[in-house]
$ cat my_file-v3.cif   # mmCIF, C-alpha atoms and all ligand atoms
data_structure
#
loop_
_atom_site.group_PDB
_atom_site.id
_atom_site.type_symbol
_atom_site.label_atom_id
_atom_site.label_comp_id
_atom_site.auth_asym_id
_atom_site.auth_seq_id
_atom_site.Cartn_x
_atom_site.Cartn_y
_atom_site.Cartn_z
ATOM 1 C CA MET A 71 111.217 -126.016 112.889
ATOM 2 C CA TYR A 72 108.396 -126.634 115.418
ATOM 3 C CA LEU A 73 105.584 -129.141 115.014
ATOM 4 C CA PHE A 74 102.139 -129.655 116.537
ATOM 5 C CA ASP A 75 100.860 -133.239 116.538
ATOM 6 C CA THR A 76 97.096 -132.701 116.575
ATOM 7 C CA HIS A 77 96.076 -136.351 116.967
ATOM 8 C CA THR A 78 97.805 -139.106 118.956
ATOM 9 C CA HIS A 79 96.981 -142.106 121.104
ATOM 10 C CA PHE A 80 100.280 -141.696 122.898
ATOM 11 C CA ASP A 81 98.697 -142.829 126.174
ATOM 12 C CA VAL A 82 98.156 -146.446 125.050
ATOM 13 C CA PRO A 83 100.116 -149.000 127.122
ATOM 14 C CA GLU A 84 102.152 -150.103 124.078
ATOM 15 C CA TYR A 85 104.285 -147.007 124.744
ATOM 16 C CA ASP A 86 104.760 -147.533 128.470
ATOM 17 C CA ASP A 87 108.301 -148.922 128.214
ATOM 18 C CA ARG A 88 109.477 -146.385 125.657
ATOM 19 C CA ARG A 89 107.410 -143.241 126.220
ATOM 20 C CA ASP A 90 110.374 -141.350 127.755
ATOM 21 C CA GLU A 91 112.570 -142.196 124.790
ATOM 22 C CA PHE A 92 109.817 -141.366 122.251
ATOM 23 C CA ASN A 93 109.185 -138.001 123.916
ATOM 24 C CA THR A 94 112.850 -137.113 123.713
ATOM 25 C CA SER A 95 113.185 -138.089 120.058
ATOM 26 C CA ALA A 96 109.958 -136.243 119.185
ATOM 27 C CA TYR A 97 111.339 -133.140 120.908
ATOM 28 C CA HIS A 98 114.578 -133.395 118.943
ATOM 29 C CA ASN A 99 112.528 -133.617 115.754
ATOM 30 C CA GLY A 100 110.697 -130.380 116.536
ATOM 31 C CA VAL A 101 107.463 -131.613 118.169
ATOM 32 C CA ARG A 102 106.385 -129.165 120.888
ATOM 33 C CA HIS A 103 102.690 -129.967 121.399
ATOM 34 C CA LEU A 104 100.637 -133.122 121.043
ATOM 35 C CA VAL A 105 97.007 -133.981 121.718
ATOM 36 C CA LEU A 106 95.956 -137.174 123.513
ATOM 37 C CA ILE A 107 92.685 -138.286 121.946
ATOM 38 C CA GLY A 108 89.904 -140.160 123.749
ATOM 39 C CA TYR A 109 88.134 -143.270 122.547
ATOM 40 C CA LEU A 110 86.702 -145.166 125.541
ATOM 41 C CA ALA A 111 85.587 -143.610 128.831
ATOM 42 C CA ARG A 112 87.438 -146.201 130.874
ATOM 43 C CA TYR A 113 90.739 -144.855 129.514
ATOM 44 C CA PHE A 114 90.146 -141.146 130.234
ATOM 45 C CA ASP A 115 91.911 -141.585 133.554
ATOM 46 C CA ARG A 116 94.965 -142.998 131.802
ATOM 47 C CA MET A 117 95.033 -139.954 129.493
ATOM 48 C CA VAL A 118 94.880 -137.613 132.482
ATOM 49 C CA ASN A 119 97.710 -139.492 134.228
ATOM 50 C CA ILE A 120 99.964 -139.332 131.175
ATOM 51 C CA LYS A 121 99.189 -135.643 130.708
ATOM 52 C CA GLN A 122 99.985 -134.880 134.350
ATOM 53 C CA TYR A 123 103.195 -136.873 134.180
ATOM 54 C CA ALA A 124 104.160 -135.058 130.964
ATOM 55 C CA ASP A 125 103.517 -131.668 132.610
ATOM 56 C CA THR A 126 106.412 -132.226 134.986
ATOM 57 C CA HIS A 127 108.654 -134.688 133.106
ATOM 58 C CA TYR A 128 108.516 -133.983 129.367
ATOM 59 C CA PRO A 129 109.470 -130.969 127.260
ATOM 60 C CA ILE A 130 106.477 -131.580 124.964
ATOM 61 C CA ILE A 131 103.115 -130.166 126.077
ATOM 62 C CA HIS A 132 100.420 -132.881 126.181
ATOM 63 C CA HIS A 133 96.802 -131.780 125.772
ATOM 64 C CA LEU A 134 93.623 -133.704 126.551
ATOM 65 C CA ALA A 135 90.741 -134.276 124.166
ATOM 66 C CA CYS A 136 88.329 -136.675 125.870
ATOM 67 C CA GLY A 137 85.578 -138.152 123.714
ATOM 68 C CA LEU A 138 83.720 -141.345 122.767
ATOM 69 C CA HIS A 139 84.930 -142.873 119.484
ATOM 70 C CA PRO A 140 82.255 -144.104 117.021
ATOM 71 C CA LEU A 141 84.244 -147.245 116.184
ATOM 72 C CA TYR A 142 83.750 -148.441 119.782
ATOM 73 C CA ILE A 143 80.029 -147.610 119.773
ATOM 74 C CA ARG A 144 78.954 -151.033 121.019
ATOM 75 C CA GLU A 145 80.981 -150.532 124.193
ATOM 76 C CA HIS A 146 79.578 -147.083 125.062
ATOM 77 C CA GLY A 147 76.644 -146.735 127.451
ATOM 78 C CA ASP A 148 74.707 -143.632 128.471
ATOM 79 C CA ASP A 149 76.738 -143.639 131.706
ATOM 80 C CA ASP A 150 79.803 -142.903 129.606
ATOM 81 C CA LEU A 151 78.279 -139.582 128.549
ATOM 82 C CA ILE A 152 78.047 -138.702 132.246
ATOM 83 C CA VAL A 153 81.675 -139.758 132.722
ATOM 84 C CA LEU A 154 82.679 -137.613 129.727
ATOM 85 C CA ASP A 155 80.737 -134.668 131.126
ATOM 86 C CA ASN A 156 82.664 -135.010 134.408
ATOM 87 C CA TYR A 157 86.032 -135.113 132.664
ATOM 88 C CA LEU A 158 85.158 -132.057 130.577
ATOM 89 C CA LYS A 159 84.167 -130.277 133.775
ATOM 90 C CA SER A 160 87.135 -131.384 135.855
ATOM 91 C CA TYR A 161 90.148 -131.334 133.520
ATOM 92 C CA PRO A 162 91.588 -128.838 131.024
ATOM 93 C CA ASN A 163 90.445 -130.404 127.740
ATOM 94 C CA ILE A 164 91.547 -128.628 124.579
ATOM 95 C CA ALA A 165 88.827 -130.281 122.433
ATOM 96 C CA ILE A 166 86.328 -133.157 122.342
ATOM 97 C CA GLY A 167 87.498 -136.155 120.336
ATOM 98 C CA GLU A 168 87.366 -138.305 118.605
ATOM 99 C CA ILE A 169 83.713 -138.239 117.673
ATOM 100 C CA GLY A 170 81.686 -138.802 114.499
ATOM 101 C CA LEU A 171 80.386 -141.730 112.459
ATOM 102 C CA ASP A 172 82.031 -144.877 111.112
ATOM 103 C CA THR A 173 80.407 -147.377 108.758
ATOM 104 C CA TYR A 174 83.603 -148.932 107.499
ATOM 105 C CA PRO A 175 83.366 -152.249 109.419
ATOM 106 C CA ASN A 176 80.318 -154.253 108.291
ATOM 107 C CA GLU A 177 79.066 -154.755 111.831
ATOM 108 C CA LEU A 178 78.671 -150.994 112.266
ATOM 109 C CA LYS A 179 76.291 -150.708 109.306
ATOM 110 C CA ASP A 180 73.438 -152.235 111.299
ATOM 111 C CA GLU A 181 70.648 -149.635 111.598
ATOM 112 C CA MET A 182 70.330 -149.793 115.383
ATOM 113 C CA ILE A 183 74.074 -149.437 115.808
ATOM 114 C CA TYR A 184 74.247 -146.576 113.324
ATOM 115 C CA GLU A 185 71.418 -144.787 115.144
ATOM 116 C CA LYS A 186 73.351 -145.215 118.393
ATOM 117 C CA GLN A 187 76.420 -143.671 116.741
ATOM 118 C CA LYS A 188 74.345 -140.688 115.663
ATOM 119 C CA HIS A 189 72.945 -140.320 119.170
ATOM 120 C CA PHE A 190 76.420 -140.263 120.740
ATOM 121 C CA PHE A 191 77.707 -137.905 118.068
ATOM 122 C CA ILE A 192 74.883 -135.408 118.658
ATOM 123 C CA GLU A 193 75.203 -135.593 122.452
ATOM 124 C CA GLN A 194 78.920 -134.825 122.169
ATOM 125 C CA ILE A 195 78.332 -131.918 119.778
ATOM 126 C CA GLN A 196 76.049 -130.538 122.451
ATOM 127 C CA PHE A 197 78.814 -130.887 125.051
ATOM 128 C CA SER A 198 81.149 -129.033 122.705
ATOM 129 C CA LYS A 199 78.754 -126.090 122.705
ATOM 130 C CA GLN A 200 78.210 -126.246 126.443
ATOM 131 C CA TYR A 201 81.961 -126.205 127.120
ATOM 132 C CA ASP A 202 82.888 -124.114 124.056
ATOM 133 C CA LEU A 203 85.389 -126.671 122.758
ATOM 134 C CA PRO A 204 86.366 -127.632 119.196
ATOM 135 C CA ILE A 205 85.420 -131.114 117.967
ATOM 136 C CA LEU A 206 87.838 -133.602 116.420
ATOM 137 C CA LEU A 207 86.000 -135.680 113.851
ATOM 138 C CA HIS A 208 86.484 -139.343 112.996
ATOM 139 C CA ILE A 209 84.617 -140.082 109.756
ATOM 140 C CA ARG A 210 84.772 -143.226 107.647
ATOM 141 C CA LYS A 211 82.307 -143.873 104.839
ATOM 142 C CA SER A 212 79.772 -141.512 106.396
ATOM 143 C CA HIS A 213 80.835 -138.037 105.275
ATOM 144 C CA ALA A 214 77.391 -136.999 104.006
ATOM 145 C CA ASP A 215 75.672 -137.955 107.270
ATOM 146 C CA VAL A 216 78.311 -136.200 109.379
ATOM 147 C CA LEU A 217 77.841 -133.026 107.326
ATOM 148 C CA LYS A 218 74.066 -133.327 107.684
ATOM 149 C CA ILE A 219 74.276 -133.665 111.482
ATOM 150 C CA LEU A 220 76.728 -130.758 111.787
ATOM 151 C CA LYS A 221 74.296 -128.610 109.820
ATOM 152 C CA THR A 222 71.187 -129.588 111.787
ATOM 153 C CA GLN A 223 73.130 -129.080 115.021
ATOM 154 C CA LYS A 224 74.259 -125.683 113.676
ATOM 155 C CA TYR A 225 77.875 -126.427 114.531
ATOM 156 C CA ASN A 226 79.978 -123.519 113.322
ATOM 157 C CA ALA A 227 83.635 -124.545 113.031
ATOM 158 C CA ASN A 228 84.643 -121.018 112.023
ATOM 159 C CA ASN A 229 83.745 -119.904 115.543
ATOM 160 C CA GLN A 230 84.282 -123.064 117.522
ATOM 161 C CA GLY A 231 87.148 -124.704 115.635
ATOM 162 C CA GLY A 232 87.554 -128.348 114.714
ATOM 163 C CA ILE A 233 89.473 -130.884 112.666
ATOM 164 C CA ALA A 234 88.353 -133.625 110.272
ATOM 165 C CA HIS A 235 91.036 -136.012 111.501
ATOM 166 C CA SER A 236 92.875 -138.462 109.229
ATOM 167 C CA PHE A 237 90.747 -137.365 106.330
ATOM 168 C CA SER A 238 89.662 -140.207 104.046
ATOM 169 C CA GLY A 239 86.910 -138.696 101.892
ATOM 170 C CA GLY A 240 87.014 -137.443 98.328
ATOM 171 C CA GLU A 241 87.785 -133.958 97.051
ATOM 172 C CA ASN A 242 84.207 -132.666 97.189
ATOM 173 C CA GLU A 243 83.772 -133.912 100.727
ATOM 174 C CA ALA A 244 87.055 -132.292 101.737
ATOM 175 C CA LEU A 245 85.879 -128.992 100.229
ATOM 176 C CA SER A 246 82.582 -129.235 102.142
ATOM 177 C CA PHE A 247 84.342 -129.662 105.501
ATOM 178 C CA VAL A 248 86.732 -126.812 104.780
ATOM 179 C CA LYS A 249 83.822 -124.624 103.758
ATOM 180 C CA MET A 250 82.261 -125.314 107.174
ATOM 181 C CA GLY A 251 85.468 -124.123 108.853
ATOM 182 C CA PHE A 252 87.135 -127.447 109.642
ATOM 183 C CA LYS A 253 90.816 -128.119 109.091
ATOM 184 C CA ILE A 254 91.779 -131.303 107.281
ATOM 185 C CA GLY A 255 94.056 -133.537 109.394
ATOM 186 C CA ILE A 256 96.833 -135.155 107.351
ATOM 187 C CA THR A 257 98.609 -138.298 108.610
ATOM 188 C CA GLY A 258 101.570 -140.335 107.375
ATOM 189 C CA GLN A 259 99.199 -141.836 104.793
ATOM 190 C CA ILE A 260 100.127 -138.925 102.552
ATOM 191 C CA THR A 261 103.610 -140.461 102.161
ATOM 192 C CA ASN A 262 102.064 -143.389 100.280
ATOM 193 C CA PRO A 263 102.056 -142.701 96.506
ATOM 194 C CA ASN A 264 99.151 -145.167 96.198
ATOM 195 C CA ALA A 265 96.917 -143.008 98.408
ATOM 196 C CA LYS A 266 95.668 -141.326 95.229
ATOM 197 C CA LYS A 267 92.229 -140.273 96.468
ATOM 198 C CA LEU A 268 93.735 -138.623 99.547
ATOM 199 C CA ARG A 269 96.452 -136.856 97.570
ATOM 200 C CA GLN A 270 93.866 -135.598 95.085
ATOM 201 C CA ALA A 271 91.586 -134.308 97.860
ATOM 202 C CA VAL A 272 94.499 -132.525 99.568
ATOM 203 C CA LYS A 273 95.683 -131.008 96.289
ATOM 204 C CA THR A 274 92.183 -129.800 95.388
ATOM 205 C CA VAL A 275 91.730 -128.105 98.761
ATOM 206 C CA TYR A 276 95.215 -126.590 98.521
ATOM 207 C CA ASP A 277 94.554 -125.189 95.048
ATOM 208 C CA LYS A 278 91.328 -123.584 96.205
ATOM 209 C CA TYR A 279 92.110 -122.459 99.775
ATOM 210 C CA GLY A 280 95.891 -122.614 100.132
ATOM 211 C CA ILE A 281 97.731 -123.904 103.171
ATOM 212 C CA SER A 282 95.252 -122.489 105.727
ATOM 213 C CA SER A 283 92.980 -125.570 105.636
ATOM 214 C CA PHE A 284 95.422 -128.169 106.926
ATOM 215 C CA VAL A 285 96.876 -129.509 110.130
ATOM 216 C CA ILE A 286 99.135 -132.521 110.607
ATOM 217 C CA GLU A 287 98.946 -135.511 112.916
ATOM 218 C CA THR A 288 100.564 -138.896 113.445
ATOM 219 C CA ASP A 289 97.445 -140.713 114.750
ATOM 220 C CA CYS A 290 100.075 -142.890 116.434
ATOM 221 C CA PRO A 291 100.337 -145.839 117.031
ATOM 222 C CA ASP A 292 98.567 -146.185 113.633
ATOM 223 C CA MET A 293 99.274 -144.628 110.223
ATOM 224 C CA MET A 294 102.982 -145.385 110.036
ATOM 225 C CA PRO A 295 104.529 -143.240 107.268
ATOM 226 C CA LEU A 296 105.919 -145.279 104.388
ATOM 227 C CA PRO A 297 109.599 -144.372 105.022
ATOM 228 C CA CYS A 298 109.300 -145.844 108.555
ATOM 229 C CA GLN A 299 107.728 -149.163 107.541
ATOM 230 C CA HIS A 300 110.754 -151.382 108.033
ATOM 231 C CA GLY A 301 112.680 -153.378 110.621
ATOM 232 C CA ASP A 302 111.295 -153.460 114.145
ATOM 233 C CA ASN A 303 109.161 -150.323 113.799
ATOM 234 C CA TYR A 304 105.843 -151.528 115.193
ATOM 235 C CA PHE A 305 104.340 -148.313 116.470
ATOM 236 C CA ASN A 306 104.140 -144.970 114.821
ATOM 237 C CA GLU A 307 105.393 -142.150 117.075
ATOM 238 C CA PRO A 308 105.227 -138.328 117.169
ATOM 239 C CA LYS A 309 108.764 -137.806 115.795
ATOM 240 C CA ASN A 310 107.534 -139.307 112.497
ATOM 241 C CA LEU A 311 105.507 -136.150 111.892
ATOM 242 C CA ILE A 312 108.628 -134.978 110.100
ATOM 243 C CA HIS A 313 107.805 -137.376 107.230
ATOM 244 C CA VAL A 314 104.418 -135.708 106.783
ATOM 245 C CA ILE A 315 106.201 -132.337 106.573
ATOM 246 C CA ASN A 316 108.694 -133.693 104.045
ATOM 247 C CA GLU A 317 105.929 -135.024 101.804
ATOM 248 C CA LEU A 318 103.762 -131.904 102.011
ATOM 249 C CA SER A 319 106.769 -129.739 101.279
ATOM 250 C CA VAL A 320 107.098 -131.558 97.942
ATOM 251 C CA LEU A 321 103.353 -131.701 97.240
ATOM 252 C CA PHE A 322 102.847 -127.970 97.908
ATOM 253 C CA ASP A 323 106.307 -126.926 96.688
ATOM 254 C CA MET A 324 106.798 -125.041 99.935
ATOM 255 C CA ASP A 325 109.845 -124.533 102.130
ATOM 256 C CA LYS A 326 109.671 -126.801 105.230
ATOM 257 C CA GLU A 327 110.222 -123.991 107.739
ATOM 258 C CA LYS A 328 107.416 -121.891 106.251
ATOM 259 C CA LEU A 329 105.179 -124.944 106.006
ATOM 260 C CA SER A 330 105.762 -125.842 109.682
ATOM 261 C CA TYR A 331 105.027 -122.293 110.762
ATOM 262 C CA GLU A 332 101.771 -122.164 108.757
ATOM 263 C CA LEU A 333 100.612 -125.584 110.015
ATOM 264 C CA TRP A 334 101.348 -124.537 113.598
ATOM 265 C CA GLN A 335 99.181 -121.435 113.197
ATOM 266 C CA ASN A 336 96.449 -123.577 111.639
ATOM 267 C CA SER A 337 96.549 -125.828 114.713
ATOM 268 C CA ASN A 338 96.063 -122.755 116.877
ATOM 269 C CA ASP A 339 93.110 -121.778 114.668
ATOM 270 C CA ALA A 340 91.517 -125.219 114.811
ATOM 271 C CA LEU A 341 91.986 -125.581 118.565
ATOM 272 C CA LYS A 342 91.287 -121.950 119.482
ATOM 273 C CA THR A 343 94.662 -121.608 121.158
ATOM 274 C CA ASN A 344 97.441 -119.082 120.859
ATOM 275 C CA PHE A 345 100.680 -120.992 121.335
ATOM 276 C CA ALA A 346 103.730 -119.113 120.109
ATOM 277 C CA TYR A 347 105.770 -120.777 117.364
ATOM 278 C CA SER A 348 108.779 -121.243 119.617
ATOM 279 C CA ASP A 349 110.087 -123.140 122.602
ATOM 280 C CA LYS A 350 108.467 -120.611 124.887
ATOM 281 C CA MET A 351 104.983 -121.755 125.833
ATOM 282 C CA ILE A 352 102.107 -119.316 126.067
ATOM 283 C CA ALA A 353 98.972 -120.479 127.859
ATOM 284 C CA LYS A 354 95.554 -120.407 126.198
HETATM 285 ZN ZN ZN A 401 92.556 -141.588 116.553
#

$ encode --input "my_file-v3.cif" --output "structure tokens" --more "lines below"
Ligand SMILES: [Zn+2]
Amino acid sequence: MYLFDTHTHFDVPEYDDRRDEFNTSAYHNGVRHLVLIGYLARYFDRMVNIKQYADTHYPIIHHLACGLHPLYIREHGDDDLIVLDNYLKSYPNIAIGEIGLDTYPNELKDEMIYEKQKHFFIEQIQFSKQYDLPILLHIRKSHADVLKILKTQKYNANNQGGIAHSFSGGENEALSFVKMGFKIGITGQITNPNAKKLRQAVKTVYDKYGISSFVIETDCPDMMPLPCQHGDNYFNEPKNLIHVINELSVLFDMDKEKLSYELWQNSNDALKTNFAYSDKMIAK
């Protein structure tokens, strides 16, 4: 069984002492690819360093997705768009992420700040077209506006790929993103029986479109699956993707091996790659 972790922050310094160990255990639990996701320009270099180290030291392929995260909007300046442009030009990014809109924290609801989020979102969609890269969306309490911007920017996820990461909207919103060609990214949150809205949205999409609309992710160090929330487990890690598989296997009544294979192919679809479902790596 092989797994593709489509969204991680595995470069954060919290992992520095244990990254070797976590890579090994992820490998033994089937993880073969993971994506390092950007949030602040000043950390792009760290992502590149971890990726380059992984290329020669780890059995799991690490991919880059540089981008400016809407939650950190107050820290981004226009210079950061230039920095992002340089990283997209200079390094092999697999996607741009994570980008989008976030009005969950009160302080981000301010009109000026929200306008700035939209500006950065649009600029990064334009980069995605320039560099022909999929976008990895972060959306909290702003699904309608994200859809509106994607439409006015004529972003076509069927051609260009993309993932609505750690999906948190309702069933109709989920259907709208899938209809636009995005895959829905499912985290360890699905293991929580109280995540009723999420489970309903996932079930609705599954009933209408089948397995083809989903990818899985840990979003580590966040989104610890319920079965791992005990003892000295402080940080989620890629090996825990297995708990997402276990839960989806029950929810969709699907064999785990088949499910893993389908989700792997969906990751290829969303990221416009062609990695073989095996230990043998095939370049893009
Ligand atoms: Zn993230």

$ residues_near_ligand --input "my_file-v3.cif" --ligand "ligand ZN 401 (chain A)" --cutoff "7 Å" --atoms "only C-alpha atoms and all ligand atoms" --output "list of chain:residue names"
A:His77, A:Thr78, A:His79, A:Ile107, A:Glu168, A:Asp289

$ residues_around --input "my_file-v3.cif" --residues "Ala244 in chain A" --least-positions-apart "4" --cutoff "9 Å" --atoms "all atoms listed in the file" --output "MDAnalysis selection string"
chainID A and resid 234 237:240 248:249 254 271:272 274:275

$ resolve_selection --input "my_file-v3.cif" --expression "the PyMOL selection byres (((chain A and resi 186-198) around 9) and not hetatm)" --output "PyMOL selection string"
chain A and resi 137-141+143-144+146+148+151+154-155+158+165-167+169-172+178+181-185+199-205+215-216+219-220+223+225+230

$ write_last_selection --input "my_file-v3.cif" --atoms "C-alpha atoms" --output "PDB file, in the frame of the given file"
ATOM      1  CA  GLY A 137      85.578-138.152 123.714  1.00  0.00           C
ATOM      2  CA  LEU A 138      83.720-141.345 122.767  1.00  0.00           C
ATOM      3  CA  HIS A 139      84.930-142.873 119.484  1.00  0.00           C
ATOM      4  CA  PRO A 140      82.255-144.104 117.021  1.00  0.00           C
ATOM      5  CA  LEU A 141      84.244-147.245 116.184  1.00  0.00           C
ATOM      6  CA  ILE A 143      80.029-147.610 119.773  1.00  0.00           C
ATOM      7  CA  ARG A 144      78.954-151.033 121.019  1.00  0.00           C
ATOM      8  CA  HIS A 146      79.578-147.083 125.062  1.00  0.00           C
ATOM      9  CA  ASP A 148      74.707-143.632 128.471  1.00  0.00           C
ATOM     10  CA  LEU A 151      78.279-139.582 128.549  1.00  0.00           C
ATOM     11  CA  LEU A 154      82.679-137.613 129.727  1.00  0.00           C
ATOM     12  CA  ASP A 155      80.737-134.668 131.126  1.00  0.00           C
ATOM     13  CA  LEU A 158      85.158-132.057 130.577  1.00  0.00           C
ATOM     14  CA  ALA A 165      88.827-130.281 122.433  1.00  0.00           C
ATOM     15  CA  ILE A 166      86.328-133.157 122.342  1.00  0.00           C
ATOM     16  CA  GLY A 167      87.498-136.155 120.336  1.00  0.00           C
ATOM     17  CA  ILE A 169      83.713-138.239 117.673  1.00  0.00           C
ATOM     18  CA  GLY A 170      81.686-138.802 114.499  1.00  0.00           C
ATOM     19  CA  LEU A 171      80.386-141.730 112.459  1.00  0.00           C
ATOM     20  CA  ASP A 172      82.031-144.877 111.112  1.00  0.00           C
ATOM     21  CA  LEU A 178      78.671-150.994 112.266  1.00  0.00           C
ATOM     22  CA  GLU A 181      70.648-149.635 111.598  1.00  0.00           C
ATOM     23  CA  MET A 182      70.330-149.793 115.383  1.00  0.00           C
ATOM     24  CA  ILE A 183      74.074-149.437 115.808  1.00  0.00           C
ATOM     25  CA  TYR A 184      74.247-146.576 113.324  1.00  0.00           C
ATOM     26  CA  GLU A 185      71.418-144.787 115.144  1.00  0.00           C
ATOM     27  CA  LYS A 199      78.754-126.090 122.705  1.00  0.00           C
ATOM     28  CA  GLN A 200      78.210-126.246 126.443  1.00  0.00           C
ATOM     29  CA  TYR A 201      81.961-126.205 127.120  1.00  0.00           C
ATOM     30  CA  ASP A 202      82.888-124.114 124.056  1.00  0.00           C
ATOM     31  CA  LEU A 203      85.389-126.671 122.758  1.00  0.00           C
ATOM     32  CA  PRO A 204      86.366-127.632 119.196  1.00  0.00           C
ATOM     33  CA  ILE A 205      85.420-131.114 117.967  1.00  0.00           C
ATOM     34  CA  ASP A 215      75.672-137.955 107.270  1.00  0.00           C
ATOM     35  CA  VAL A 216      78.311-136.200 109.379  1.00  0.00           C
ATOM     36  CA  ILE A 219      74.276-133.665 111.482  1.00  0.00           C
ATOM     37  CA  LEU A 220      76.728-130.758 111.787  1.00  0.00           C
ATOM     38  CA  GLN A 223      73.130-129.080 115.021  1.00  0.00           C
ATOM     39  CA  TYR A 225      77.875-126.427 114.531  1.00  0.00           C
ATOM     40  CA  GLN A 230      84.282-123.064 117.522  1.00  0.00           C
TER      41      GLN A 230
END

$ resolve_selection --input "my_file-v3.cif" --expression "the PyMOL selection byres (((chain A and resi 117) around 12) and not hetatm)" --output "short mmCIF file (atom, residue, chain, number, x, y, z; two decimals) with C-alpha atoms, in the coordinates of the input"
data_model
loop_
_atom_site.label_atom_id
_atom_site.label_comp_id
_atom_site.auth_asym_id
_atom_site.auth_seq_id
_atom_site.Cartn_x
_atom_site.Cartn_y
_atom_site.Cartn_z
CA THR A 78 97.80 -139.11 118.96
CA HIS A 79 96.98 -142.11 121.10
CA PHE A 80 100.28 -141.70 122.90
CA ASP A 81 98.70 -142.83 126.17
CA VAL A 82 98.16 -146.45 125.05
CA PRO A 83 100.12 -149.00 127.12
CA VAL A 105 97.01 -133.98 121.72
CA LEU A 106 95.96 -137.17 123.51
CA ILE A 107 92.68 -138.29 121.95
CA GLY A 108 89.90 -140.16 123.75
CA TYR A 109 88.13 -143.27 122.55
CA LEU A 110 86.70 -145.17 125.54
CA ALA A 111 85.59 -143.61 128.83
CA ARG A 112 87.44 -146.20 130.87
CA TYR A 113 90.74 -144.85 129.51
CA PHE A 114 90.15 -141.15 130.23
CA ASP A 115 91.91 -141.58 133.55
CA ARG A 116 94.96 -143.00 131.80
CA VAL A 118 94.88 -137.61 132.48
CA ASN A 119 97.71 -139.49 134.23
CA ILE A 120 99.96 -139.33 131.18
CA LYS A 121 99.19 -135.64 130.71
CA GLN A 122 99.98 -134.88 134.35
CA TYR A 123 103.20 -136.87 134.18
CA ALA A 124 104.16 -135.06 130.96
CA HIS A 132 100.42 -132.88 126.18
CA HIS A 133 96.80 -131.78 125.77
CA LEU A 134 93.62 -133.70 126.55
CA ALA A 135 90.74 -134.28 124.17
CA CYS A 136 88.33 -136.68 125.87
CA GLY A 137 85.58 -138.15 123.71
CA TYR A 157 86.03 -135.11 132.66
CA TYR A 161 90.15 -131.33 133.52
CA PRO A 162 91.59 -128.84 131.02
CA ASN A 163 90.44 -130.40 127.74
#

$ atom_distance --input "my_file-v3.cif" --atom1 "CA of Lys253 in chain A" --atom2 "CA of Phe284 in chain A"
5.1 Å

$ residues_around --input "my_file-v3.cif" --residues "range 297-307 of chain A" --least-positions-apart "2" --cutoff "9 Å" --atoms "all atoms listed in the file" --output "PDB file with C-alpha atoms, in the coordinates of the input"
ATOM      1  CA  THR A  78      97.805-139.106 118.956  1.00  0.00           C
ATOM      2  CA  PHE A  80     100.280-141.696 122.898  1.00  0.00           C
ATOM      3  CA  GLU A  84     102.152-150.103 124.078  1.00  0.00           C
ATOM      4  CA  TYR A  85     104.285-147.007 124.744  1.00  0.00           C
ATOM      5  CA  PHE A  92     109.817-141.366 122.251  1.00  0.00           C
ATOM      6  CA  ASN A  93     109.185-138.001 123.916  1.00  0.00           C
ATOM      7  CA  ALA A  96     109.958-136.243 119.185  1.00  0.00           C
ATOM      8  CA  THR A 261     103.610-140.461 102.161  1.00  0.00           C
ATOM      9  CA  ASN A 262     102.064-143.389 100.280  1.00  0.00           C
ATOM     10  CA  THR A 288     100.564-138.896 113.445  1.00  0.00           C
ATOM     11  CA  ASP A 289      97.445-140.713 114.750  1.00  0.00           C
ATOM     12  CA  CYS A 290     100.075-142.890 116.434  1.00  0.00           C
ATOM     13  CA  PRO A 291     100.337-145.839 117.031  1.00  0.00           C
ATOM     14  CA  ASP A 292      98.567-146.185 113.633  1.00  0.00           C
ATOM     15  CA  MET A 293      99.274-144.628 110.223  1.00  0.00           C
ATOM     16  CA  MET A 294     102.982-145.385 110.036  1.00  0.00           C
ATOM     17  CA  PRO A 295     104.529-143.240 107.268  1.00  0.00           C
ATOM     18  CA  LYS A 309     108.764-137.806 115.795  1.00  0.00           C
ATOM     19  CA  ASN A 310     107.534-139.307 112.497  1.00  0.00           C
ATOM     20  CA  LEU A 311     105.507-136.150 111.892  1.00  0.00           C
ATOM     21  CA  HIS A 313     107.805-137.376 107.230  1.00  0.00           C
TER      22      HIS A 313
END

$ closest_residue --input "my_file-v3.cif" --among "A:Asp149, A:Phe322, A:Val285, A:Arg102" --to "Asn336 in chain A" --atoms "only C-alpha atoms"
A:Val285

$ atom_distance --input "my_file-v3.cif" --atom1 "CA of Ser160 in chain A" --atom2 "CA of Asp125 in chain A"
16.7 Å

$ atom_distance --input "my_file-v3.cif" --atom1 "CA of Asn228 in chain A" --atom2 "CA of Trp334 in chain A"
17.1 Å

$ residues_around --input "my_file-v3.cif" --residues "Tyr174 in chain A" --least-positions-apart "6" --cutoff "9 Å" --atoms "only C-alpha atoms" --output "ChimeraX atom specification"
/A:141,210-212

$ write_last_selection --input "my_file-v3.cif" --atoms "C-alpha atoms" --output "PDB file, keeping the file's coordinate frame"
ATOM      1  CA  LEU A 141      84.244-147.245 116.184  1.00  0.00           C
ATOM      2  CA  ARG A 210      84.772-143.226 107.647  1.00  0.00           C
ATOM      3  CA  LYS A 211      82.307-143.873 104.839  1.00  0.00           C
ATOM      4  CA  SER A 212      79.772-141.512 106.396  1.00  0.00           C
TER       5      SER A 212
END

$ residues_around --input "my_file-v3.cif" --residues "Met71 in chain A" --least-positions-apart "5" --cutoff "12 Å" --atoms "only C-alpha atoms" --output "list in words"
Tyr97, His98, Asn99, Gly100, Val101, Arg102, Leu311, Ile312, Ile315, Asn316, Asp325, Lys326, Glu327, Lys328, Leu329, Ser330, Tyr331, Glu332, Leu333, Trp334, Tyr347, Ser348 and Asp349 of chain A
